[in-house]
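What follows is one structure encoded as structure tokens, with my remarks underneath.
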Amino acid sequence: MLAFIARHTVLNFNDRKKRNRQIMKYFKIALAVLIISLISCEKDEELARNSTDIVPLKVGNRWFYTTYLYEDSQEAKYETSSISVDKQIDLTIRGKKIETFQIKNTTGDLYTNKFVGNTSDGYTEYGLILDFDHMFQYSGGMEFVFIGENDTLIYNSLVAKYPIQANENWETENSYSYIDYDEASNVRTIEIKVDTVEIKCIETNKTIDTDIGSFNCIGYRYGDNDYYSINYYSVGYGMIKSEFYENGGIEGYRILTDINLK
């Protein structure tokens, strides 16, 4: 079972076998919680101090980050990417009209637009749309086979509960990708469906250092004992860092590098 979070990867198919092994590992350990997902930070310190939202959402905001993977115990830069808030959009979910923001991941052969919002419970994800045109454009000739009724999934996933105390946990809906790659035929089969994931707050006061500053963060763990991720959010700034684990060992991480907020 291969699960993804946010984090959609541009593949270099000139060295397909090695790249495919790396990205399969990456998809295997990363959950699709906005997962894929939204990394942010606010330059306006006064706004950040007064904010009660764990992720600041405004049309035109954009966040930049870098992913590193470990191969043979060596850390290697894997990709850079960005996420942007494109527009506000109303969704009807289970008969209820909800105002959301559409966010876009700007890299990756598995490319999505996601619908997110801030509620009294915290940062919530409501669904995603697969962009097949983008997938084919960056596939390097790879054929995709999509298994599913359509390219849009609607669900209700409380990604980052806030306010929260350490050791609080909850179960929520989430989207997963199940990926199978046939190297001989150069075909990738993708099945995406909604399932549940357990999330736990593991700490509420951790300092994460980045190239643009240090942030006081809340840590959320997503997933089971074998494959899981830990996302670190700073209130008023958003998600600062994601770490990906397999069988208790860290496989890689994604970290904030720059921002452009309105």
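Residues are referred to by chain and number: the chain letter is A, B, ... according to the order shown in the structure tokens, the number counts from 1 in that chain, and ligands are numbered separately from 1 in the order shown.
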
Worksheet item: Out of region 61-136 of chain A, which residues get helix (DSSP H, G or I) from DSSP, as a list of chain:residue names?
Response: A:Phe132, A:Asp133, A:His134, A:Met135, A:Phe136

Worksheet item: Near Leu91 (chain A), counting only C-alpha atoms, which residues have an atom at most 10 Å away, once you skip same-chain residues fewer than 2 positions from it, shown as a list in words?
Response: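 That gives Gln88, Ile89, Ile93, Arg94, Gly95, Lys96, Lys97, Ile98, Glu99, Thr100, Phe101, Phe115, Tyr126, Gly127 and Ile154 of chain A.
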
Response to the item:
Pairwise distance, CA of Pro163 (chain A) with CA of Ser81 (chain A), equals 29.0 Å

Fill in: Polymer residues at most 7 Å from Gly122 (chain A), only C-alpha atoms, same-chain spacing of 4 or more positions, as a count of residues only
6

Fill in: Best match for closeness to Phe64 (chain A) among A:Asn186, A:Thr124, A:Thr106, A:Thr204, counting only C-alpha atoms
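Using only C-alpha atoms, the shortest distance to Phe64 (chain A) belongs to A:Thr106.
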
Worksheet item: When you draw a straight line from CA of Glu79 (chain A) to CA of Tyr155 (chain A), how long is it in Å?
Response: 28.6 Å

Worksheet item: What lies within 8 Å of Gly223 (chain A) using only C-alpha atoms, ignoring chain neighbours under 5 positions off, as a PyMOL selection string?
Response: chain A and resi 31+197-199+228-229

Worksheet item: Hey, which of A:Tyr233, A:Thr80, A:Asn105, A:Ala184 ends up closest to Tyr68 (chain A)? Count only C-alpha atoms.
Response: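 Closest to Tyr68 (chain A) of all the choices is A:Thr80.
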
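Of the residues under consideration (A:Asp224, A:Asp258, A:Asp211, A:Glu75), A:Asp224 shows the shortest atom-to-atom contact distance to Glu171 (chain A) when counting only C-alpha atoms.
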
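In terms of minimum interatomic distance to Asp195 (chain A), A:Thr172 ranks closest within A:Ser242, A:Gln165, A:Ser73, A:Thr172, counting only C-alpha atoms.
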
Item to complete: Could you give me, as a VMD selection string, each residue of region 205-255 of chain A that DSSP assigns to strand (DSSP E or B) when run on this structure's backbone?
Response: chain A and resid 205 to 210 213 to 223 227 to 234 238 to 246 249 to 255
